[in-house]
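The data block below is final.csv; it holds CSV, C-alpha atoms and all ligand atoms.
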chain,number,residue,atom,x,y,z
A,237,MET,CA,102.8,80.3,122.9
A,238,SER,CA,99.8,80.9,120.7
A,239,GLN,CA,96.6,78.9,121.5
A,240,SER,CA,95.0,80.0,118.2
A,241,ARG,CA,95.0,77.6,115.3
A,242,ILE,CA,97.1,78.8,112.5
A,243,LEU,CA,96.4,78.0,108.8
A,244,VAL,CA,98.9,78.5,106.1
A,245,THR,CA,97.6,78.5,102.5
A,246,GLY,CA,99.9,77.3,99.6
A,247,GLY,CA,101.7,74.8,101.9
A,248,SER,CA,103.5,73.1,99.0
A,249,GLY,CA,105.1,76.4,97.7
A,250,ARG,CA,108.6,77.3,98.7
A,251,LEU,CA,107.6,80.1,101.1
A,252,GLY,CA,104.7,78.0,102.4
A,253,GLN,CA,107.0,75.1,103.4
A,254,MET,CA,109.5,77.5,105.0
A,255,VAL,CA,106.8,79.0,107.1
A,256,LEU,CA,105.6,75.5,108.2
A,257,ASP,CA,109.2,74.7,109.1
A,258,GLN,CA,109.5,77.8,111.2
A,259,LEU,CA,106.2,77.2,113.0
A,260,LEU,CA,107.2,73.6,113.7
A,261,HIS,CA,110.6,74.7,114.9
A,262,ALA,CA,108.9,77.1,117.3
A,263,GLY,CA,106.9,74.3,118.8
A,264,VAL,CA,103.5,75.4,117.4
A,265,SER,CA,100.9,72.7,117.5
A,266,GLY,CA,97.6,72.3,115.7
A,267,ILE,CA,99.0,73.9,112.4
A,268,ILE,CA,96.7,73.5,109.4
A,269,THR,CA,98.0,73.9,105.9
A,270,THR,CA,96.0,74.0,102.6
A,271,THR,CA,97.3,73.0,99.2
A,272,ARG,CA,96.2,71.7,95.9
A,273,THR,CA,98.7,68.9,96.3
A,274,PRO,CA,98.5,67.3,99.8
A,275,ASP,CA,100.4,64.3,98.4
A,276,LYS,CA,103.6,66.4,98.2
A,277,LEU,CA,103.4,67.2,102.0
A,278,GLY,CA,103.2,63.8,103.5
A,279,ALA,CA,106.3,64.5,105.6
A,280,TYR,CA,104.5,67.4,107.3
A,281,ALA,CA,101.5,65.1,108.2
A,282,SER,CA,103.9,62.9,110.1
A,283,LEU,CA,105.0,66.0,112.0
A,284,GLY,CA,101.4,66.6,113.1
A,285,VAL,CA,100.4,69.2,110.5
A,286,ASP,CA,96.8,68.9,109.4
A,287,LEU,CA,96.9,68.8,105.6
A,288,ARG,CA,93.8,69.8,103.8
A,289,HIS,CA,93.1,70.0,100.1
A,290,ALA,CA,92.0,73.5,98.8
A,291,ASP,CA,92.1,75.3,95.5
A,292,LEU,CA,91.6,79.0,95.8
A,293,ASN,CA,89.8,78.8,92.4
A,294,ASP,CA,87.1,76.7,94.0
A,295,PRO,CA,85.3,78.3,97.0
A,296,GLN,CA,83.6,74.9,97.8
A,297,THR,CA,86.9,73.4,98.8
A,298,LEU,CA,87.7,76.4,101.0
A,299,SER,CA,84.7,76.2,103.4
A,300,LYS,CA,85.7,72.8,104.7
A,301,ALA,CA,89.4,73.4,104.5
A,302,PHE,CA,89.4,76.6,106.6
A,303,GLN,CA,87.2,75.2,109.4
A,304,GLY,CA,88.7,75.6,112.9
A,305,ALA,CA,91.3,78.2,111.8
A,306,ASP,CA,91.8,81.4,113.9
A,307,ARG,CA,94.7,83.0,112.1
A,308,LEU,CA,95.3,82.7,108.4
A,309,LEU,CA,98.4,83.3,106.3
A,310,LEU,CA,97.2,83.8,102.8
A,311,ILE,CA,100.2,83.4,100.6
A,312,SER,CA,99.5,85.3,97.3
A,313,THR,CA,99.3,82.8,94.5
A,314,ASP,CA,101.8,82.6,91.7
A,315,ASP,CA,99.0,82.7,89.1
A,316,LEU,CA,100.2,86.0,87.5
A,317,PHE,CA,98.8,85.7,84.0
A,318,SER,CA,95.4,84.1,84.1
A,319,GLY,CA,93.5,87.1,85.4
A,320,ARG,CA,92.1,85.0,88.2
A,321,ARG,CA,94.5,86.0,91.0
A,322,VAL,CA,92.4,88.7,92.7
A,323,GLN,CA,89.3,86.3,92.7
A,324,GLN,CA,91.5,83.6,94.2
A,325,HIS,CA,92.5,85.8,97.0
A,326,THR,CA,88.9,87.1,97.5
A,327,ASN,CA,87.7,83.6,97.7
A,328,ALA,CA,90.2,82.9,100.5
A,329,ILE,CA,89.2,86.1,102.4
A,330,ASP,CA,85.4,85.3,102.1
A,331,ALA,CA,86.0,81.7,103.2
A,332,ALA,CA,88.1,83.0,106.2
A,333,LYS,CA,85.2,85.1,107.3
A,334,ARG,CA,82.7,82.2,106.9
A,335,ALA,CA,85.0,80.0,108.9
A,336,GLY,CA,85.4,82.4,111.8
A,337,VAL,CA,89.0,83.3,111.2
A,338,ARG,CA,89.9,86.3,113.3
A,339,HIS,CA,93.1,87.6,111.7
A,340,ILE,CA,94.4,87.5,108.1
A,341,HIS,CA,98.1,87.8,107.2
A,342,TYR,CA,98.8,88.4,103.5
A,343,THR,CA,102.0,88.5,101.4
A,344,SER,CA,101.8,91.7,99.4
A,345,MET,CA,104.5,93.6,97.5
A,346,PRO,CA,106.3,96.9,98.3
A,347,GLU,CA,104.4,100.1,97.6
A,348,PRO,CA,101.7,98.4,95.5
A,349,GLU,CA,99.8,101.6,94.7
A,350,ALA,CA,102.9,103.4,93.4
A,351,SER,CA,104.3,100.4,91.5
A,352,THR,CA,102.1,100.9,88.4
A,353,ALA,CA,105.0,99.7,86.2
A,354,ILE,CA,104.5,96.2,87.6
A,355,PRO,CA,101.5,94.5,85.9
A,356,PHE,CA,100.5,92.5,88.9
A,357,SER,CA,100.7,95.3,91.4
A,358,SER,CA,97.0,95.9,91.0
A,359,ASP,CA,96.3,92.4,92.3
A,360,HIS,CA,97.9,93.4,95.6
A,361,VAL,CA,96.2,96.8,95.7
A,362,ALA,CA,92.8,95.0,95.2
A,363,THR,CA,93.6,92.2,97.7
A,364,GLU,CA,94.7,94.6,100.4
A,365,ALA,CA,91.5,96.6,99.9
A,366,THR,CA,89.4,93.5,100.2
A,367,ILE,CA,91.2,92.5,103.4
A,368,ARG,CA,90.7,96.1,104.9
A,369,GLU,CA,87.0,95.9,104.0
A,370,SER,CA,86.6,92.4,105.5
A,371,ASP,CA,86.1,93.6,109.1
A,372,LEU,CA,88.8,91.1,110.1
A,373,SER,CA,92.0,92.3,111.7
A,374,TYR,CA,95.0,91.9,109.4
A,375,THR,CA,98.7,91.9,109.0
A,376,ILE,CA,99.9,92.9,105.5
A,377,LEU,CA,103.4,91.8,104.8
A,378,ARG,CA,104.7,93.9,101.9
A,379,VAL,CA,107.5,91.6,100.9
A,380,ALA,CA,110.5,93.1,99.1
A,381,TRP,CA,112.0,91.4,96.1
A,382,TYR,CA,113.4,88.0,97.1
A,383,ALA,CA,117.2,87.8,97.1
A,384,GLU,CA,116.7,84.6,95.3
A,385,ASN,CA,115.0,86.3,92.3
A,386,PRO,CA,118.2,87.3,90.4
A,387,VAL,CA,119.4,83.7,90.7
A,388,GLU,CA,116.2,81.9,90.0
A,389,LEU,CA,115.2,84.2,87.1
A,390,GLY,CA,118.5,83.7,85.4
A,391,LEU,CA,120.0,87.2,85.8
A,392,ILE,CA,123.0,86.2,87.9
A,393,PRO,CA,123.8,83.2,85.8
A,394,ALA,CA,123.7,85.4,82.7
A,395,ALA,CA,125.9,88.0,84.4
A,396,LEU,CA,128.4,85.3,85.4
A,397,ARG,CA,128.4,84.0,81.8
A,398,THR,CA,128.9,87.4,80.2
A,399,GLY,CA,130.7,89.4,82.8
A,400,THR,CA,128.1,92.1,82.5
A,401,TRP,CA,125.1,93.1,84.7
A,402,LEU,CA,122.6,94.6,82.3
A,403,THR,CA,120.1,97.0,83.7
A,404,SER,CA,117.8,99.9,82.9
A,405,ALA,CA,117.2,100.6,86.6
A,406,GLY,CA,119.7,103.6,86.7
A,407,ALA,CA,120.5,104.5,90.3
A,408,GLY,CA,117.3,102.8,91.6
A,409,ARG,CA,117.7,100.4,94.6
A,410,ILE,CA,116.1,97.2,95.7
A,411,ALA,CA,115.9,96.1,99.4
A,412,TYR,CA,116.4,92.4,98.6
A,413,VAL,CA,115.2,90.0,101.3
A,414,THR,CA,115.8,86.3,101.5
A,415,ARG,CA,112.8,83.9,101.3
A,416,SER,CA,113.8,82.4,104.6
A,417,ASP,CA,113.8,85.9,106.3
A,418,VAL,CA,110.3,86.4,104.9
A,419,ALA,CA,109.3,83.0,106.3
A,420,ARG,CA,110.7,83.8,109.7
A,421,ALA,CA,108.9,87.2,109.8
A,422,ALA,CA,105.6,85.6,108.7
A,423,ALA,CA,105.8,82.8,111.3
A,424,ALA,CA,106.7,85.3,114.0
A,425,ALA,CA,103.7,87.5,113.0
A,426,LEU,CA,101.4,84.4,113.1
A,427,VAL,CA,102.4,83.2,116.6
A,428,ARG,CA,102.3,86.6,118.4
A,429,ASP,CA,98.5,86.3,118.4
A,430,LYS,CA,97.9,90.1,118.0
A,431,GLU,CA,94.5,91.3,116.9
A,432,THR,CA,95.5,94.8,115.8
A,433,SER,CA,95.9,95.6,112.1
A,434,GLN,CA,99.3,96.5,110.7
A,435,ILE,CA,101.2,96.8,107.5
A,436,TYR,CA,104.9,95.8,107.5
A,437,ASP,CA,107.6,96.3,104.9
A,438,ILE,CA,109.5,93.0,105.0
A,439,THR,CA,112.9,93.9,103.6
A,440,GLY,CA,116.5,93.1,103.8
A,441,PRO,CA,118.9,95.3,105.7
A,442,HIS,CA,120.0,97.5,102.8
A,443,ALA,CA,118.8,98.7,99.4
A,444,MET,CA,121.2,98.0,96.6
A,445,SER,CA,121.6,99.7,93.2
A,446,ALA,CA,122.7,97.7,90.2
A,447,ALA,CA,126.2,99.0,90.6
A,448,GLU,CA,126.3,97.9,94.2
A,449,LEU,CA,124.8,94.5,93.3
A,450,ALA,CA,127.4,93.9,90.6
A,451,ALA,CA,130.2,94.9,92.9
A,452,ALA,CA,128.9,92.5,95.6
A,453,LEU,CA,128.5,89.7,93.1
A,454,SER,CA,132.0,90.4,91.8
A,455,ARG,CA,133.5,90.2,95.3
A,456,SER,CA,131.5,87.1,96.1
A,457,VAL,CA,132.6,85.0,93.1
A,458,ASP,CA,136.1,86.6,92.6
A,459,ARG,CA,135.3,87.6,89.0
A,460,PRO,CA,134.9,91.0,87.4
A,461,ILE,CA,131.3,92.0,86.7
A,462,GLU,CA,130.7,95.3,84.9
A,463,VAL,CA,127.4,97.2,84.9
A,464,ARG,CA,125.9,98.3,81.6
A,465,GLN,CA,123.0,100.7,81.8
A,466,VAL,CA,120.6,100.4,78.8
A,467,ASP,CA,117.1,101.5,78.0
A,468,ASP,CA,114.1,99.3,78.6
A,469,THR,CA,113.8,98.2,74.9
A,470,ALA,CA,117.5,97.2,74.7
A,471,LEU,CA,117.2,95.5,78.1
A,472,ALA,CA,114.4,93.2,76.9
A,473,ARG,CA,116.4,92.4,73.7
A,474,GLU,CA,119.7,91.8,75.4
A,475,LEU,CA,118.2,89.7,78.3
A,476,VAL,CA,116.8,87.2,75.8
A,477,ALA,CA,120.2,87.2,73.9
A,478,SER,CA,121.9,86.4,77.2
A,479,GLY,CA,119.8,83.4,77.8
A,480,VAL,CA,116.8,84.7,79.8
A,481,SER,CA,113.5,83.3,78.5
A,482,PRO,CA,111.5,85.5,76.2
A,483,GLN,CA,108.4,85.1,78.4
A,484,LEU,CA,110.2,86.4,81.4
A,485,ALA,CA,112.2,89.2,79.9
A,486,PRO,CA,109.3,91.8,79.8
A,487,MET,CA,108.5,91.2,83.5
A,488,LEU,CA,112.2,91.8,84.3
A,489,VAL,CA,112.1,95.0,82.4
A,490,THR,CA,109.1,96.2,84.4
A,491,THR,CA,111.0,95.4,87.6
A,492,ASP,CA,113.9,97.7,86.4
A,493,ALA,CA,111.4,100.4,85.5
A,494,ASN,CA,109.8,100.2,89.0
A,495,THR,CA,113.2,100.2,90.6
A,496,ARG,CA,114.3,103.3,88.6
A,497,ALA,CA,111.1,105.0,89.9
A,498,GLY,CA,112.3,104.3,93.5
A,499,ASN,CA,109.4,102.0,94.5
A,500,PHE,CA,111.6,99.0,95.6
A,501,GLU,CA,114.1,100.9,97.8
A,502,ARG,CA,112.3,101.3,101.1
A,503,VAL,CA,114.2,99.5,104.0
A,504,SER,CA,112.5,98.7,107.2
A,505,HIS,CA,113.4,97.0,110.5
A,506,ALA,CA,110.3,94.8,110.5
A,507,VAL,CA,112.2,91.5,110.2
A,508,GLN,CA,114.3,92.2,113.2
A,509,GLU,CA,111.3,93.7,115.1
A,510,LEU,CA,109.1,90.6,114.5
A,511,THR,CA,111.8,87.9,114.9
A,512,GLY,CA,114.5,89.5,117.1
A,513,VAL,CA,117.1,88.6,114.5
A,514,PRO,CA,118.3,90.9,111.7
A,515,PRO,CA,117.7,89.9,108.1
A,516,THR,CA,120.5,88.5,105.9
A,517,SER,CA,122.3,91.0,103.7
A,518,PHE,CA,122.3,90.4,99.9
A,519,GLU,CA,126.1,90.0,99.9
A,520,SER,CA,125.9,87.3,102.7
A,521,PHE,CA,123.3,85.5,100.6
A,522,LEU,CA,125.6,85.6,97.6
A,523,VAL,CA,128.6,84.3,99.6
A,524,LYS,CA,126.5,81.5,101.1
A,525,ASN,CA,125.4,80.5,97.6
A,526,LYS,CA,128.7,80.9,95.9
A,527,ALA,CA,129.2,77.3,95.0
A,528,ARG,CA,125.7,77.0,93.6
A,529,LEU,CA,126.1,80.2,91.6
A,530,LEU,CA,129.4,79.1,90.0
A,531,GLY,CA,128.2,75.5,89.5
A,532,ALA,CA,125.1,76.7,87.6
A,533,THR,CA,127.3,78.9,85.3
A,534,ASP,CA,130.2,76.5,84.8
A,535,LYS,CA,128.0,73.6,83.6
B,1,LIG,N1,108.7,89.0,96.7
B,1,LIG,C1,109.1,88.3,95.6
B,1,LIG,O1,110.2,88.6,95.0
B,1,LIG,C2,108.3,87.2,95.0
B,1,LIG,C3,108.9,86.4,94.0
B,1,LIG,C4,108.1,85.3,93.5
B,1,LIG,C5,106.8,85.1,94.0
B,1,LIG,N2,106.3,85.9,95.0
B,1,LIG,C6,104.9,85.8,95.5
B,1,LIG,O2,105.1,85.1,96.8
B,1,LIG,C7,104.3,83.9,96.7
B,1,LIG,C8,105.1,82.8,97.5
B,1,LIG,O3,106.4,82.7,96.9
B,1,LIG,P1,107.0,81.2,96.6
B,1,LIG,O4,108.4,81.5,96.2
B,1,LIG,O5,106.7,80.3,97.7
B,1,LIG,O6,106.2,80.8,95.3
B,1,LIG,P2,106.0,79.3,94.8
B,1,LIG,O7,107.0,78.3,95.3
B,1,LIG,O8,105.9,79.4,93.3
B,1,LIG,O9,104.6,78.9,95.3
B,1,LIG,C9,103.4,79.3,94.6
B,1,LIG,C10,102.3,79.3,95.6
B,1,LIG,O10,101.0,79.7,95.0
B,1,LIG,C11,100.0,78.8,95.5
B,1,LIG,N3,98.9,78.7,94.5
B,1,LIG,C12,99.0,78.9,93.2
B,1,LIG,N4,97.7,78.7,92.7
B,1,LIG,C13,96.9,78.4,93.7
B,1,LIG,C14,95.5,78.1,93.8
B,1,LIG,N5,94.7,78.0,92.7
B,1,LIG,N6,95.0,77.8,95.0
B,1,LIG,C15,95.8,77.8,96.1
B,1,LIG,N7,97.1,78.1,96.1
B,1,LIG,C16,97.7,78.4,94.9
B,1,LIG,C17,100.7,77.5,95.7
B,1,LIG,O11,100.0,76.7,96.5
B,1,LIG,P3,99.9,75.0,96.4
B,1,LIG,O12,100.6,74.6,95.2
B,1,LIG,O13,100.4,74.4,97.6
B,1,LIG,O14,98.4,74.8,96.2
B,1,LIG,C18,102.1,78.0,96.3
B,1,LIG,O15,102.0,78.2,97.6
B,1,LIG,C19,104.2,83.6,95.2
B,1,LIG,O16,103.0,82.7,95.0
B,1,LIG,C20,104.0,84.9,94.6
B,1,LIG,O17,102.7,85.5,94.8
B,1,LIG,C21,107.0,87.0,95.5

Turn the structure described in the file into structure tokens.
Amino acid sequence: MSQSRILVTGGSGRLGQMVLDQLLHAGVSGIITTTRTPDKLGAYASLGVDLRHADLNDPQTLSKAFQGADRLLLISTDDLFSGRRVQQHTNAIDAAKRAGVRHIHYTSMPEPEASTAIPFSSDHVATEATIRESDLSYTILRVAWYAENPVELGLIPAALRTGTWLTSAGAGRIAYVTRSDVARAAAAALVRDKETSQIYDITGPHAMSAAELAAALSRSVDRPIEVRQVDDTALARELVASGVSPQLAPMLVTTDANTRAGNFERVSHAVQELTGVPPTSFESFLVKNKARLLGATDK
């Protein structure tokens, strides 16, 4: 078991909490987590987690909050539109160096350099570069699209309402990975206490095209779902008409453009390599969540 002290940023986020759960389950002691909202994490304090307030916008909070940590998991923030995200990550990397952290883990995205269609890919390119230049050893976790995204972003509920999966991705594929598999992989990387630098593609077991996704969804919920390929402009318009929020629709269009370009399709064995257990397939995820999917649609 690792003797190093592990620090997880963004402890109140969904991934952050899952990583904490994995670390606790593995019997890791001395875990530190930083968050802007320690009040939300009282249950973790009672399990021995050292809760510390930190805001990545405020370097002063980080110096104290990162003290004593040896291995850091920097969870990329969800601050996609303010223009401050790279600075937030840079603040964390600088604070880690000041605090004597030896190894940084970072949640990046697949093929960030090639993924120019995605507006926030440059955040990950810049953060990865800052980590490489930091002189600390690192583990970059290039996390594939969450299997949860099509549910949480309203795409699967819309497909179940309309019977149609709308896409401009063509034959492009996505190697969907569940958030819990990402958490398992991140926790495993944190506890193995390696000091060598590595980049992992954290993916599900297969990459799926829109046609394969619609077929899997159809089988999972016993309803016909047809695929309709449209261009990016029509996709944006029709997503909004099908109930997806107008703020979100342009981002979903860029996802399809990047998928069409082949930048989300790489599949790796990293989850199994790190954890010893293969990742969940997208179809298993759908089957497991069938009641939730149908409940959300039938309301
Ligand atoms: N691969 C994918 O498909 C995918 C999808 C969505 C998001 N992501 C990325 O993966 C990350 C984790 O996913 P998730 O589902 O756990 O997201 P989430 O539940 O929305 O959590 C957002 C995270 O951002 C942190 N954060 C935001 N602003 C911050 C700030 N100023 N200082 C410190 N922390 C800040 C939050 O920390 P506290 O609130 O605890 O301070 C929290 O951990 C996201 O933040 C995003 O970068 C990836």

Between A:Ala395, A:Leu243, A:Val387, A:Val418, which has the minimum distance to Ala451 (chain A) (counting all atoms listed in the file)? A:Ala395

Set the distance at 10 Å and use all atoms listed in the file: which residues neighbour Asp492 (chain A) once local chain neighbours fewer than 6 positions away are removed? I'd like the list as an MDAnalysis selection string. chainID A and resid 353:354 403:406 408:410 446 467:468 471 486 498 500

Residue among A:Asp286, A:Asp371, A:Asn499, A:Leu256 lying closest to Glu349 (chain A), counting all atoms listed in the file: A:Asn499

Show me the residues close to (96.0, 83.8, 108.5) - anything with an atom within 6 Å, counting all atoms listed in the file - and format the list as a ChimeraX atom specification. /A:243,307-310,339-341

Against ligand LIG 1 (chain B), which residues of chain A fall within 9 Å? For each one I want the closest pair of atoms and the distance in Å (one decimal), counting only C-alpha atoms and all ligand atoms, rows by chain and increasing residue number, as JSON lines.
{"residue": "A:Thr245", "atom": "CA", "partner": "B:LIG1", "partner_atom": "N7", "distance": 6.4}
{"residue": "A:Gly246", "atom": "CA", "partner": "B:LIG1", "partner_atom": "O15", "distance": 3.0}
{"residue": "A:Gly247", "atom": "CA", "partner": "B:LIG1", "partner_atom": "O13", "distance": 4.5}
{"residue": "A:Ser248", "atom": "CA", "partner": "B:LIG1", "partner_atom": "O13", "distance": 3.6}
{"residue": "A:Gly249", "atom": "CA", "partner": "B:LIG1", "partner_atom": "O9", "distance": 3.5}
{"residue": "A:Arg250", "atom": "CA", "partner": "B:LIG1", "partner_atom": "O5", "distance": 3.7}
{"residue": "A:Leu251", "atom": "CA", "partner": "B:LIG1", "partner_atom": "O5", "distance": 3.5}
{"residue": "A:Gly252", "atom": "CA", "partner": "B:LIG1", "partner_atom": "O15", "distance": 5.5}
{"residue": "A:Gln253", "atom": "CA", "partner": "B:LIG1", "partner_atom": "O5", "distance": 7.7}
{"residue": "A:Met254", "atom": "CA", "partner": "B:LIG1", "partner_atom": "O5", "distance": 8.3}
{"residue": "A:Thr269", "atom": "CA", "partner": "B:LIG1", "partner_atom": "O13", "distance": 8.7}
{"residue": "A:Thr270", "atom": "CA", "partner": "B:LIG1", "partner_atom": "O13", "distance": 6.7}
{"residue": "A:Thr271", "atom": "CA", "partner": "B:LIG1", "partner_atom": "O14", "distance": 3.7}
{"residue": "A:Arg272", "atom": "CA", "partner": "B:LIG1", "partner_atom": "O14", "distance": 3.8}
{"residue": "A:Thr273", "atom": "CA", "partner": "B:LIG1", "partner_atom": "O13", "distance": 5.9}
{"residue": "A:Pro274", "atom": "CA", "partner": "B:LIG1", "partner_atom": "O13", "distance": 7.7}
{"residue": "A:Lys276", "atom": "CA", "partner": "B:LIG1", "partner_atom": "O13", "distance": 8.6}
{"residue": "A:Leu277", "atom": "CA", "partner": "B:LIG1", "partner_atom": "O13", "distance": 9.0}
{"residue": "A:His289", "atom": "CA", "partner": "B:LIG1", "partner_atom": "O14", "distance": 8.1}
{"residue": "A:Ala290", "atom": "CA", "partner": "B:LIG1", "partner_atom": "C15", "distance": 6.3}
{"residue": "A:Asp291", "atom": "CA", "partner": "B:LIG1", "partner_atom": "N6", "distance": 3.9}
{"residue": "A:Leu292", "atom": "CA", "partner": "B:LIG1", "partner_atom": "N6", "distance": 3.7}
{"residue": "A:Asn293", "atom": "CA", "partner": "B:LIG1", "partner_atom": "N5", "distance": 5.0}
{"residue": "A:Asp294", "atom": "CA", "partner": "B:LIG1", "partner_atom": "N5", "distance": 7.8}
{"residue": "A:Leu310", "atom": "CA", "partner": "B:LIG1", "partner_atom": "N7", "distance": 8.8}
{"residue": "A:Ile311", "atom": "CA", "partner": "B:LIG1", "partner_atom": "C7", "distance": 5.7}
{"residue": "A:Ser312", "atom": "CA", "partner": "B:LIG1", "partner_atom": "O17", "distance": 4.1}
{"residue": "A:Thr313", "atom": "CA", "partner": "B:LIG1", "partner_atom": "O10", "distance": 3.6}
{"residue": "A:Asp314", "atom": "CA", "partner": "B:LIG1", "partner_atom": "O16", "distance": 3.5}
{"residue": "A:Asp315", "atom": "CA", "partner": "B:LIG1", "partner_atom": "N4", "distance": 5.5}
{"residue": "A:Leu316", "atom": "CA", "partner": "B:LIG1", "partner_atom": "O17", "distance": 7.7}
{"residue": "A:Arg320", "atom": "CA", "partner": "B:LIG1", "partner_atom": "N5", "distance": 8.7}
{"residue": "A:Arg321", "atom": "CA", "partner": "B:LIG1", "partner_atom": "N4", "distance": 8.1}
{"residue": "A:Gln324", "atom": "CA", "partner": "B:LIG1", "partner_atom": "N5", "distance": 6.6}
{"residue": "A:His325", "atom": "CA", "partner": "B:LIG1", "partner_atom": "N6", "distance": 8.6}
{"residue": "A:Ala328", "atom": "CA", "partner": "B:LIG1", "partner_atom": "C15", "distance": 8.8}
{"residue": "A:Thr343", "atom": "CA", "partner": "B:LIG1", "partner_atom": "O2", "distance": 6.5}
{"residue": "A:Ser344", "atom": "CA", "partner": "B:LIG1", "partner_atom": "C6", "distance": 7.7}
{"residue": "A:Met345", "atom": "CA", "partner": "B:LIG1", "partner_atom": "N1", "distance": 6.3}
{"residue": "A:Pro346", "atom": "CA", "partner": "B:LIG1", "partner_atom": "N1", "distance": 8.4}
{"residue": "A:Arg378", "atom": "CA", "partner": "B:LIG1", "partner_atom": "N1", "distance": 8.2}
{"residue": "A:Val379", "atom": "CA", "partner": "B:LIG1", "partner_atom": "N1", "distance": 5.1}
{"residue": "A:Ala380", "atom": "CA", "partner": "B:LIG1", "partner_atom": "N1", "distance": 5.1}
{"residue": "A:Trp381", "atom": "CA", "partner": "B:LIG1", "partner_atom": "O1", "distance": 3.5}
{"residue": "A:Tyr382", "atom": "CA", "partner": "B:LIG1", "partner_atom": "O1", "distance": 3.9}
{"residue": "A:Ala383", "atom": "CA", "partner": "B:LIG1", "partner_atom": "O1", "distance": 7.4}
{"residue": "A:Glu384", "atom": "CA", "partner": "B:LIG1", "partner_atom": "O1", "distance": 7.6}
{"residue": "A:Asn385", "atom": "CA", "partner": "B:LIG1", "partner_atom": "O1", "distance": 6.0}
{"residue": "A:Tyr412", "atom": "CA", "partner": "B:LIG1", "partner_atom": "O1", "distance": 8.1}
{"residue": "A:Val413", "atom": "CA", "partner": "B:LIG1", "partner_atom": "N1", "distance": 8.0}
{"residue": "A:Thr414", "atom": "CA", "partner": "B:LIG1", "partner_atom": "O1", "distance": 8.9}
{"residue": "A:Arg415", "atom": "CA", "partner": "B:LIG1", "partner_atom": "O4", "distance": 7.2}
{"residue": "A:Val418", "atom": "CA", "partner": "B:LIG1", "partner_atom": "N1", "distance": 8.7}

Using Å and a single decimal, report how far CA of Ala527 (chain A) sits from CA of Asp458 (chain A). 11.8 Å

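Nearest to Ala425 (chain A) of all the residues A:Thr490, A:Ser504, A:Gln258, A:Ser478 is A:Gln258, counting all atoms listed in the file.
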
Using only C-alpha atoms, pick whichever of A:Leu298, A:Leu396, A:Val427, A:Leu260 has the shortest atom-to-atom distance to Gly284 (chain A). A:Leu260

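Across A:Val244, A:Ala365, A:Ala262, A:Ile461, the tightest approach to Asp306 (chain A) is made by A:Val244 when counting only C-alpha atoms.
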
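Separating CA of Ala279 (chain A) from CA of Leu426 (chain A) is a distance of 21.8 Å.
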